[in-house]
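Engineer: Provided below: coords_8.tsv, containing TSV, C-alpha atoms.
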chain	number	residue	atom	x	y	z
A	298	MET	CA	23.22	33.69	-16.68
A	299	ILE	CA	26.43	32.10	-17.80
A	300	ALA	CA	27.05	28.96	-15.77
A	301	ALA	CA	30.40	28.67	-14.07
A	302	PRO	CA	32.68	26.98	-16.61
A	303	LEU	CA	34.80	23.99	-15.69
A	304	PRO	CA	38.58	24.42	-15.50
A	305	THR	CA	40.49	22.14	-17.85
A	306	ASP	CA	42.19	20.58	-14.83
A	307	ASP	CA	39.01	20.14	-12.81
A	308	ALA	CA	39.62	16.46	-12.07
A	309	ARG	CA	43.06	17.21	-10.63
A	310	ARG	CA	41.65	20.19	-8.76
A	311	LEU	CA	38.88	18.10	-7.24
A	312	GLN	CA	41.37	15.42	-6.25
A	313	ALA	CA	43.46	18.01	-4.41
A	314	LEU	CA	40.34	19.36	-2.71
A	315	ARG	CA	39.16	15.94	-1.55
A	316	GLU	CA	42.59	14.89	-0.34
A	317	MET	CA	42.39	17.77	2.12
A	318	LEU	CA	39.55	15.90	3.88
A	319	ILE	CA	37.91	19.20	4.72
A	320	LEU	CA	34.57	19.00	2.87
A	321	ASP	CA	31.55	18.75	5.18
A	322	THR	CA	33.67	19.13	8.31
A	323	PRO	CA	32.37	21.28	11.18
A	324	PRO	CA	33.15	25.00	11.39
A	325	GLU	CA	36.62	25.82	12.71
A	326	GLU	CA	37.64	28.96	14.53
A	327	ARG	CA	40.83	29.34	12.45
A	328	PHE	CA	38.70	29.93	9.33
A	329	ASP	CA	35.76	31.65	11.03
A	330	ARG	CA	38.19	34.18	12.54
A	331	VAL	CA	39.45	35.27	9.11
A	332	ALA	CA	35.91	35.51	7.73
A	333	ARG	CA	34.77	37.68	10.67
A	334	PHE	CA	37.85	39.84	10.37
A	335	ALA	CA	37.22	40.40	6.65
A	336	ALA	CA	33.56	41.22	7.26
A	337	GLU	CA	34.55	43.88	9.80
A	338	GLU	CA	37.47	45.24	7.78
A	339	PHE	CA	35.41	45.72	4.62
A	340	ASP	CA	31.99	46.31	6.20
A	341	MET	CA	30.64	43.40	4.18
A	342	PRO	CA	27.39	41.67	5.15
A	343	ILE	CA	28.55	38.33	3.72
A	344	VAL	CA	32.01	36.76	3.74
A	345	LEU	CA	32.68	33.15	2.78
A	346	VAL	CA	35.49	30.67	2.64
A	347	SER	CA	34.05	28.75	-0.28
A	348	LEU	CA	35.33	25.41	-1.57
A	349	VAL	CA	34.20	24.50	-5.08
A	350	ASP	CA	33.24	20.83	-5.23
A	351	GLU	CA	32.13	18.90	-8.32
A	352	LYS	CA	28.49	19.98	-8.26
A	353	ARG	CA	28.34	22.50	-5.43
A	354	GLN	CA	30.22	25.18	-3.55
A	355	TRP	CA	30.46	24.41	0.14
A	356	PHE	CA	31.32	26.99	2.77
A	357	LYS	CA	33.98	26.13	5.30
A	358	ALA	CA	33.41	29.50	6.96
A	359	ARG	CA	30.53	31.90	6.53
A	360	VAL	CA	29.44	35.24	7.88
A	361	GLY	CA	25.97	36.53	7.07
A	362	LEU	CA	24.68	33.51	5.17
A	363	ALA	CA	22.54	30.73	6.64
A	364	THR	CA	23.02	28.11	3.96
A	365	CYS	CA	26.16	25.97	3.94
A	366	GLN	CA	26.25	25.32	0.20
A	367	THR	CA	24.81	26.28	-3.19
A	368	ASP	CA	25.00	24.65	-6.59
A	369	ARG	CA	28.17	25.16	-8.59
A	370	ASP	CA	26.53	26.34	-11.83
A	371	SER	CA	25.14	29.50	-10.26
A	372	SER	CA	28.15	30.18	-8.06
A	373	PHE	CA	30.28	33.27	-8.51
A	374	CYS	CA	33.18	31.36	-6.99
A	375	GLY	CA	32.97	28.83	-9.82
A	376	HIS	CA	33.98	31.69	-12.10
A	377	ALA	CA	36.55	33.13	-9.72
A	378	ILE	CA	38.57	29.90	-9.46
A	379	LEU	CA	39.34	30.23	-13.16
A	380	GLU	CA	41.07	33.56	-12.66
A	381	PRO	CA	44.65	33.99	-11.52
A	382	GLN	CA	43.78	37.20	-9.70
A	383	ILE	CA	40.98	38.51	-7.53
A	384	MET	CA	37.72	38.59	-9.48
A	385	VAL	CA	35.62	41.65	-8.79
A	386	VAL	CA	32.03	42.11	-9.94
A	387	GLU	CA	31.13	45.62	-8.91
A	388	ASP	CA	27.46	45.33	-9.90
A	389	ALA	CA	26.10	41.90	-10.78
A	390	LEU	CA	22.99	43.41	-12.39
A	391	ARG	CA	25.23	44.99	-15.00
A	392	ASP	CA	27.23	41.87	-15.76
A	393	GLU	CA	26.05	39.45	-18.43
A	394	ARG	CA	27.35	36.47	-16.50
A	395	PHE	CA	25.30	37.18	-13.40
A	396	HIS	CA	22.44	39.62	-14.04
A	397	ASP	CA	19.77	36.90	-14.01
A	398	ASN	CA	21.61	34.54	-11.66
A	399	PRO	CA	19.26	33.11	-9.00
A	400	LEU	CA	21.65	34.33	-6.30
A	401	VAL	CA	21.26	37.85	-7.72
A	402	VAL	CA	17.52	37.98	-8.44
A	403	GLY	CA	16.72	35.99	-5.28
A	404	ASP	CA	18.32	35.39	-1.91
A	405	PRO	CA	20.91	36.49	-0.95
A	406	HIS	CA	20.47	39.21	-3.63
A	407	ILE	CA	24.14	39.56	-4.52
A	408	ARG	CA	25.11	42.83	-6.20
A	409	PHE	CA	28.82	43.03	-5.34
A	410	TYR	CA	31.29	40.16	-5.31
A	411	ALA	CA	35.06	39.95	-4.83
A	412	GLY	CA	36.62	36.49	-4.81
A	413	ALA	CA	40.28	35.80	-4.06
A	414	PRO	CA	41.24	32.36	-5.41
A	415	LEU	CA	42.61	29.86	-2.88
A	416	GLN	CA	45.52	28.32	-4.73
A	417	LEU	CA	47.37	25.48	-3.04
A	418	PRO	CA	51.15	25.19	-3.35
A	419	GLY	CA	50.68	22.45	-5.97
A	420	GLY	CA	48.72	24.85	-8.17
A	421	ALA	CA	45.17	23.60	-7.61
A	422	VAL	CA	42.63	26.36	-6.96
A	423	VAL	CA	40.16	24.84	-4.52
A	424	GLY	CA	37.91	27.80	-3.76
A	425	THR	CA	37.85	31.42	-2.75
A	426	LEU	CA	37.79	33.83	0.12
A	427	CYS	CA	34.98	36.05	-1.06
A	428	LEU	CA	33.26	39.27	-0.06
A	429	ILE	CA	29.61	39.83	-0.96
A	430	ASP	CA	27.36	42.84	-0.62
A	431	ARG	CA	23.76	43.50	-1.53
A	432	GLN	CA	24.66	46.82	-3.10
A	433	PRO	CA	27.21	47.81	-5.74
A	434	ARG	CA	30.68	48.43	-4.34
A	435	GLN	CA	34.20	49.17	-5.44
A	436	LEU	CA	37.52	48.16	-3.93
A	437	ASP	CA	40.70	50.20	-4.25
A	438	ASP	CA	44.23	48.86	-4.56
A	439	MET	CA	44.77	48.78	-0.81
A	440	ASP	CA	41.49	46.90	-0.24
A	441	LEU	CA	42.55	44.34	-2.82
A	442	ALA	CA	45.94	43.95	-1.20
A	443	ILE	CA	44.26	43.42	2.20
A	444	LEU	CA	41.92	40.81	0.72
A	445	GLY	CA	44.89	39.13	-0.96
A	446	SER	CA	46.73	39.00	2.34
A	447	LEU	CA	43.75	37.48	4.15
A	448	ARG	CA	43.48	34.94	1.34
A	449	GLU	CA	47.07	33.90	2.00
A	450	LEU	CA	46.20	33.31	5.64
A	451	VAL	CA	43.32	31.04	4.60
A	452	VAL	CA	45.60	29.10	2.25
A	453	SER	CA	48.14	28.70	5.06
A	454	GLU	CA	45.43	27.22	7.26
A	455	LEU	CA	44.23	24.93	4.46
A	456	VAL	CA	47.68	23.46	4.03
A	457	GLY	CA	48.25	23.23	7.75
A	458	GLN	CA	50.80	25.98	8.02
A	459	GLY	CA	48.86	28.46	10.09
A	460	THR	CA	51.39	30.25	12.22
A	461	GLU	CA	49.39	31.40	15.21
A	462	GLY	CA	46.17	30.41	16.85
A	463	GLY	CA	45.39	33.75	18.39
A	464	ALA	CA	42.88	36.32	17.25
B	163	MET	CA	15.37	48.27	-17.58
B	164	ALA	CA	18.86	47.44	-16.42
B	165	VAL	CA	21.59	47.97	-18.95
B	166	ILE	CA	23.49	44.77	-19.49
B	167	HIS	CA	27.07	44.99	-20.55
B	168	ALA	CA	29.14	42.21	-22.01
B	169	PRO	CA	31.28	40.51	-19.37
B	170	GLN	CA	33.96	42.89	-18.39
B	171	PRO	CA	37.31	41.56	-17.30
B	172	GLN	CA	36.90	43.12	-13.90
B	173	LEU	CA	40.05	41.43	-12.83
B	174	VAL	CA	42.43	43.31	-10.74
B	175	ALA	CA	45.67	42.36	-9.20
B	176	GLY	CA	45.50	40.87	-5.74
B	177	ARG	CA	48.95	42.22	-5.12
B	178	PRO	CA	48.88	45.53	-6.94
B	179	ALA	CA	51.78	47.70	-7.78
B	180	PRO	CA	51.70	51.15	-6.23
B	181	ALA	CA	49.56	53.58	-8.18
B	182	VAL	CA	52.12	56.37	-8.10
B	183	PRO	CA	55.89	56.45	-7.90
B	184	MET	CA	56.84	56.05	-4.28
B	185	ALA	CA	59.87	56.46	-2.12
B	186	PRO	CA	61.62	53.21	-1.21
B	187	PRO	CA	59.99	51.20	1.57
B	188	ILE	CA	60.88	52.33	5.06
B	189	GLU	CA	62.24	50.08	7.79
B	190	LEU	CA	59.28	49.83	10.17
B	191	LEU	CA	59.08	48.39	13.66
B	192	LEU	CA	55.53	47.10	14.12
B	193	VAL	CA	54.38	46.06	17.59
B	194	GLU	CA	50.84	44.66	17.45
B	195	PRO	CA	49.57	41.84	19.66
B	196	VAL	CA	46.62	40.81	17.47
B	197	PHE	CA	47.84	38.24	14.96
B	198	LEU	CA	45.41	38.97	12.11
B	199	VAL	CA	46.01	42.71	12.30
B	200	ARG	CA	49.77	42.40	12.57
B	201	ARG	CA	50.16	39.83	9.81
B	202	THR	CA	47.79	41.59	7.40
B	203	VAL	CA	49.33	45.01	7.94
B	204	ALA	CA	52.83	43.61	7.49
B	205	ALA	CA	51.95	41.67	4.34
B	206	VAL	CA	50.19	44.57	2.66
B	207	ALA	CA	52.83	47.10	3.66
B	208	ARG	CA	55.43	44.80	2.16
B	209	ASP	CA	53.41	44.08	-1.00
B	210	MET	CA	52.67	47.74	-1.63
B	211	ARG	CA	56.30	48.63	-0.94
B	212	LEU	CA	55.31	51.00	1.84
B	213	ALA	CA	57.57	49.41	4.42
B	214	ASN	CA	59.72	46.46	5.40
B	215	PRO	CA	58.02	45.68	8.69
B	216	ARG	CA	59.67	43.91	11.57
B	217	GLU	CA	56.75	42.24	13.36
B	218	LEU	CA	56.74	41.97	17.14
B	219	THR	CA	54.01	41.13	19.61
B	220	ALA	CA	55.27	42.89	22.74
B	221	ILE	CA	57.02	46.08	23.81
B	222	ASP	CA	59.81	44.31	25.68
B	223	GLN	CA	60.86	42.67	22.40
B	224	ALA	CA	60.86	46.10	20.77
B	225	ALA	CA	62.95	47.60	23.56
B	226	THR	CA	65.57	44.94	23.01
B	227	LEU	CA	65.55	45.40	19.25
B	228	VAL	CA	65.86	49.20	19.13
B	229	ALA	CA	68.98	48.90	21.26
B	230	LEU	CA	70.53	46.98	18.39
B	231	GLN	CA	68.94	48.31	15.23
B	232	ALA	CA	67.69	51.61	13.81
B	233	PHE	CA	64.27	51.97	12.21
B	234	ASP	CA	62.76	54.67	9.99
B	235	ALA	CA	59.43	54.59	11.84
B	236	LEU	CA	57.81	52.94	14.86
B	237	PHE	CA	54.23	51.69	15.07
B	238	LEU	CA	53.54	50.67	18.65
B	239	SER	CA	50.60	49.19	20.49
B	240	LEU	CA	49.87	50.85	23.84
B	241	GLU	CA	48.35	47.64	25.22
B	242	GLU	CA	51.32	47.67	27.60
B	243	GLU	CA	50.99	51.40	28.16
B	244	GLY	CA	53.71	51.97	30.74
B	245	PRO	CA	56.48	50.07	28.95
B	246	ALA	CA	55.44	51.60	25.63
B	247	LEU	CA	55.61	55.15	26.98
B	248	GLU	CA	58.95	54.37	28.57
B	249	LEU	CA	60.27	53.04	25.27
B	250	MET	CA	59.13	56.14	23.40
B	251	SER	CA	60.73	58.33	26.03
B	252	ARG	CA	64.03	56.49	25.59
B	253	VAL	CA	63.79	56.92	21.83
B	254	ARG	CA	63.17	60.65	22.13
B	255	HIS	CA	66.14	61.00	24.47
B	256	GLY	CA	68.39	59.32	21.90
B	257	ASP	CA	68.96	56.26	24.04
B	258	THR	CA	68.34	53.78	21.21
B	259	ARG	CA	69.76	53.14	17.75
B	260	CYS	CA	66.80	55.01	16.21
B	261	ALA	CA	67.01	58.70	15.43
B	262	ALA	CA	65.58	60.71	18.32
B	263	ASP	CA	63.04	62.28	15.97
B	264	VAL	CA	61.96	59.00	14.36
B	265	PRO	CA	58.25	59.16	13.39
B	266	ILE	CA	56.03	57.23	15.82
B	267	ALA	CA	52.40	56.13	15.59
B	268	VAL	CA	50.50	54.28	18.29
B	269	THR	CA	47.33	52.25	18.78
B	270	ALA	CA	45.36	52.25	22.01
B	271	ALA	CA	42.13	50.95	23.47
B	272	ALA	CA	41.29	54.40	24.82
B	273	CYS	CA	42.89	57.77	25.32
B	274	ASP	CA	42.15	60.18	28.17
B	275	THR	CA	43.51	63.70	28.46
B	276	PRO	CA	46.67	62.82	30.44
B	277	LEU	CA	47.58	60.16	27.88
B	278	ALA	CA	46.88	62.51	24.99
B	279	LEU	CA	49.14	65.14	26.54
B	280	ARG	CA	51.85	62.56	27.11
B	281	LEU	CA	51.63	61.39	23.51
B	282	LYS	CA	51.78	64.98	22.30
B	283	HIS	CA	54.84	65.58	24.43
B	284	LEU	CA	56.42	62.48	22.88
B	285	GLU	CA	55.63	63.90	19.43
B	286	VAL	CA	53.52	60.94	18.38
B	287	LYS	CA	52.30	61.58	14.83
B	288	ARG	CA	49.24	59.33	14.77
B	289	LEU	CA	46.93	57.70	17.33
B	290	LEU	CA	44.48	54.98	16.30
B	291	LEU	CA	41.85	53.85	18.80
B	292	ARG	CA	40.61	50.26	18.78
B	293	PRO	CA	38.67	48.95	17.03
B	294	PHE	CA	40.43	50.21	13.94
B	295	LYS	CA	40.69	48.88	10.44
B	296	VAL	CA	43.82	47.51	8.80
B	297	LYS	CA	43.36	50.16	6.17
B	298	GLY	CA	43.58	52.83	8.86
B	299	VAL	CA	46.89	51.41	10.05
B	300	LEU	CA	48.21	51.36	6.51
B	301	ASP	CA	47.12	54.96	5.97
B	302	ALA	CA	48.99	55.86	9.14
B	303	ILE	CA	52.09	54.06	7.88
B	304	VAL	CA	51.88	56.13	4.70
B	305	ALA	CA	51.80	59.23	6.91
B	306	LEU	CA	54.98	58.07	8.66
B	307	ARG	CA	56.87	57.88	5.39
B	308	PRO	CA	59.08	60.78	4.41
B	309	VAL	CA	57.47	63.29	2.10
B	310	THR	CA	58.98	63.06	-1.36
B	311	ALA	CA	58.55	65.25	-4.41
B	312	ASP	CA	56.29	62.62	-5.97
B	313	SER	CA	54.05	62.13	-2.93
B	314	ALA	CA	53.91	65.87	-2.31
B	315	LYS	CA	52.38	66.36	-5.76
B	316	GLY	CA	49.52	63.99	-4.92
Could the structure of this file be written out as structure tokens, please?

Structural biologist:
Amino acid sequence: MIAAPLPTDDARRLQALREMLILDTPPEERFDRVARFAAEEFDMPIVLVSLVDEKRQWFKARVGLATCQTDRDSSFCGHAILEPQIMVVEDALRDERFHDNPLVVGDPHIRFYAGAPLQLPGGAVVGTLCLIDRQPRQLDDMDLAILGSLRELVVSELVGQGTEGGA
Amino acid sequence: MAVIHAPQPQLVAGRPAPAVPMAPPIELLLVEPVFLVRRTVAAVARDMRLANPRELTAIDQAATLVALQAFDALFLSLEEEGPALELMSRVRHGDTRCAADVPIAVTAAACDTPLALRLKHLEVKRLLLRPFKVKGVLDAIVALRPVTADSAKG
């Protein structure tokens, strides 16, 4: 396993994350709604709105996962926040970074991962909207565009610019 | 034993360019009451240069708009079935700014035989029954686009 590396601007990123005052807050329908929608759209067993804190990733919204956080080193999202685009791991068992990751060889037995970075207007990438499956998967261009669009909705909610409260 | 490959840059664009040369985006009137569906469809259609969607939540808004502006295609929710059918009838009779043969697709919660016959009479090109996926709506929008030499090859 290759532990999630730290971005060079991690201190600034963490400051932006903490200034949002969202860590460890209760679930909110505005985020849960997007996670449920993504799970149904992509037929994914697990969908997360994951925020990458200093030592952990904490889930503001989660579908299909009981735990509310995991350690940062083993997180896929810790890798994804370093990428400017959506990070796709089609089969974690065939990827040097993740093949022996505890989240792959143990619960929740991740095989497929797609993480869309949540970048705030100031540039800080605070987490991801991510799709997870227990079997290898692929996404086509339209799937990626849909995931990117849902990511933008999550970012809008994070910065308080959600435009509609309805389903 | 699993074969382990070196880390592959499995990075792909979140906002990809179209895979094949496409006709210019069409002007699309999109009436969809569900926010997440409407906003996601509109954003992806715009990003993939399939359409320039005008997003509305209700048929009465659409009826007002088509009196003022022409569209290349209509994608209408039948949640308000009566007003939606009336609007389509007006379009087909040339009583709006849209061409009378403008391509139309609809979404509905259910469709019985009388409704199916009515939609056929109104020359509706696509019907999607709820629950549907955003991807299904986008595929239907692609079907509403004019056939070009490039798309015909595919």

Engineer: Figure out the distance between CA of Arg448 in chain A and CA of Ala300 in chain A, please, to one decimal in Å.

Structural biologist: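 CA of Ala300 in chain A sits 24.5 Å away from CA of Arg448 in chain A.
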
Engineer: Can you measure CA of His283 in chain B to CA of Gly256 in chain B for me? One decimal in Å is fine.

Structural biologist: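 Rounded to one decimal, the two atoms are 15.1 Å apart.
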
Engineer: May I ask you to extract the residues of chain A within 8 Å of chain B, using all atoms listed in the file, and to give them as a ChimeraX atom specification?

Structural biologist: /A:331,334,337-338,380,382-386,390-394,396,413,438-447,461,463-464

Engineer: Pick the closest to Ala270 in chain B from B:Glu241, B:Asp222, B:Glu285, B:Asp257: which is it, counting only C-alpha atoms?

Structural biologist: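 Selected residue with least distance to Ala270 in chain B: B:Glu241.
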
Engineer: Please report the interatomic distance between CA of Arg208 in chain B and CA of Thr269 in chain B in Å with one decimal.

Structural biologist: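 Computing it gives 19.9 Å between the two atoms.
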
Engineer: For each of A:Arg310, A:Pro405, A:Trp355, A:Ala411, take the minimum atom-to-atom distance to Pro324 in chain A, counting only C-alpha atoms, then give the residue where this is smallest.

Structural biologist: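 Distance minimum relative to Pro324 in chain A lands on A:Trp355.
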
Engineer: Can you pull out the residues contacting range 361-367 of chain A? Cut-off 12 Å, using all atoms listed in the file, and skip same-chain residues under 6 positions away; I want them as JSON, numbers by chain.

Structural biologist: {"A": [320, 321, 322, 323, 324, 329, 332, 333, 335, 336, 337, 340, 341, 342, 343, 344, 345, 346, 347, 348, 349, 350, 351, 352, 353, 354, 355, 373, 374, 375, 399, 400, 404, 405, 406, 407, 428, 429, 430, 431]}

Engineer: Can you tell me which residues surround Ser251 in chain B at a distance of at most 10 Å, considering all atoms listed in the file, apart from same-chain residues fewer than 6 positions away, and format the answer as a list in words?

Structural biologist: Pro245, Asp257, Ala262, Arg280, Leu281, His283 and Leu284 of chain B

Engineer: Find the spatial neighbours of Ala389 in chain A, counting only C-alpha atoms, within a cut-off of 9 Å - ignore same-chain residues fewer than 6 positions away - and output them as a PyMOL selection string.

Structural biologist: chain A and resi 395-398+401+407-410+433

Engineer: Would you save the residues of that selection, restricted to C-alpha atoms, as a compact mmCIF listing (two decimals), keeping the file's coordinate frame?

Structural biologist:
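Ended up saving to again-v3.txt:
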# COMPACT_ATOMS: atom_id res chain seq x y z
CA PHE A 395 25.30 37.18 -13.40
CA HIS A 396 22.44 39.62 -14.04
CA ASP A 397 19.77 36.90 -14.01
CA ASN A 398 21.61 34.54 -11.66
CA VAL A 401 21.26 37.85 -7.72
CA ILE A 407 24.14 39.56 -4.52
CA ARG A 408 25.11 42.83 -6.20
CA PHE A 409 28.82 43.03 -5.34
CA TYR A 410 31.29 40.16 -5.31
CA PRO A 433 27.21 47.81 -5.74

Engineer: Given only C-alpha atoms as the basis, pick out the residue of A:Pro302, A:Gly424, A:Gly457, A:Pro418 nearest to Ala358 in chain A.

Structural biologist: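 That would be A:Gly424, the residue with the smallest distance to Ala358 in chain A.
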
Engineer: Counting all atoms listed in the file, which of A:Leu450, A:Leu311, A:Ala421, A:Asp368 gets nearest to Arg330 in chain A?

Structural biologist: A:Leu450

Engineer: May I have the protein, DNA and RNA residues with any atom at most 10 Å from the point (62.5, 43.4, 10.5), counting all atoms listed in the file, written as a PDB file with C-alpha atoms, keeping the file's coordinate frame?

Structural biologist:
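Saved the output as part_37.pdb:
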ATOM      1  CA  GLU B 189      62.240  50.080   7.790  1.00  0.00           C
ATOM      2  CA  LEU B 190      59.280  49.830  10.170  1.00  0.00           C
ATOM      3  CA  LEU B 191      59.080  48.390  13.660  1.00  0.00           C
ATOM      4  CA  LEU B 192      55.530  47.100  14.120  1.00  0.00           C
ATOM      5  CA  ALA B 213      57.570  49.410   4.420  1.00  0.00           C
ATOM      6  CA  ASN B 214      59.720  46.460   5.400  1.00  0.00           C
ATOM      7  CA  PRO B 215      58.020  45.680   8.690  1.00  0.00           C
ATOM      8  CA  ARG B 216      59.670  43.910  11.570  1.00  0.00           C
ATOM      9  CA  GLU B 217      56.750  42.240  13.360  1.00  0.00           C
ATOM     10  CA  LEU B 218      56.740  41.970  17.140  1.00  0.00           C
ATOM     11  CA  LEU B 227      65.550  45.400  19.250  1.00  0.00           C
ATOM     12  CA  GLN B 231      68.940  48.310  15.230  1.00  0.00           C
ATOM     13  CA  PHE B 233      64.270  51.970  12.210  1.00  0.00           C
TER      14      PHE B 233
END

Engineer: Looking at B:Leu289, B:Leu306, B:Leu277, B:Leu212, which one is nearest to Leu247 in chain B, with distances taken over all atoms listed in the file?

Structural biologist: B:Leu277
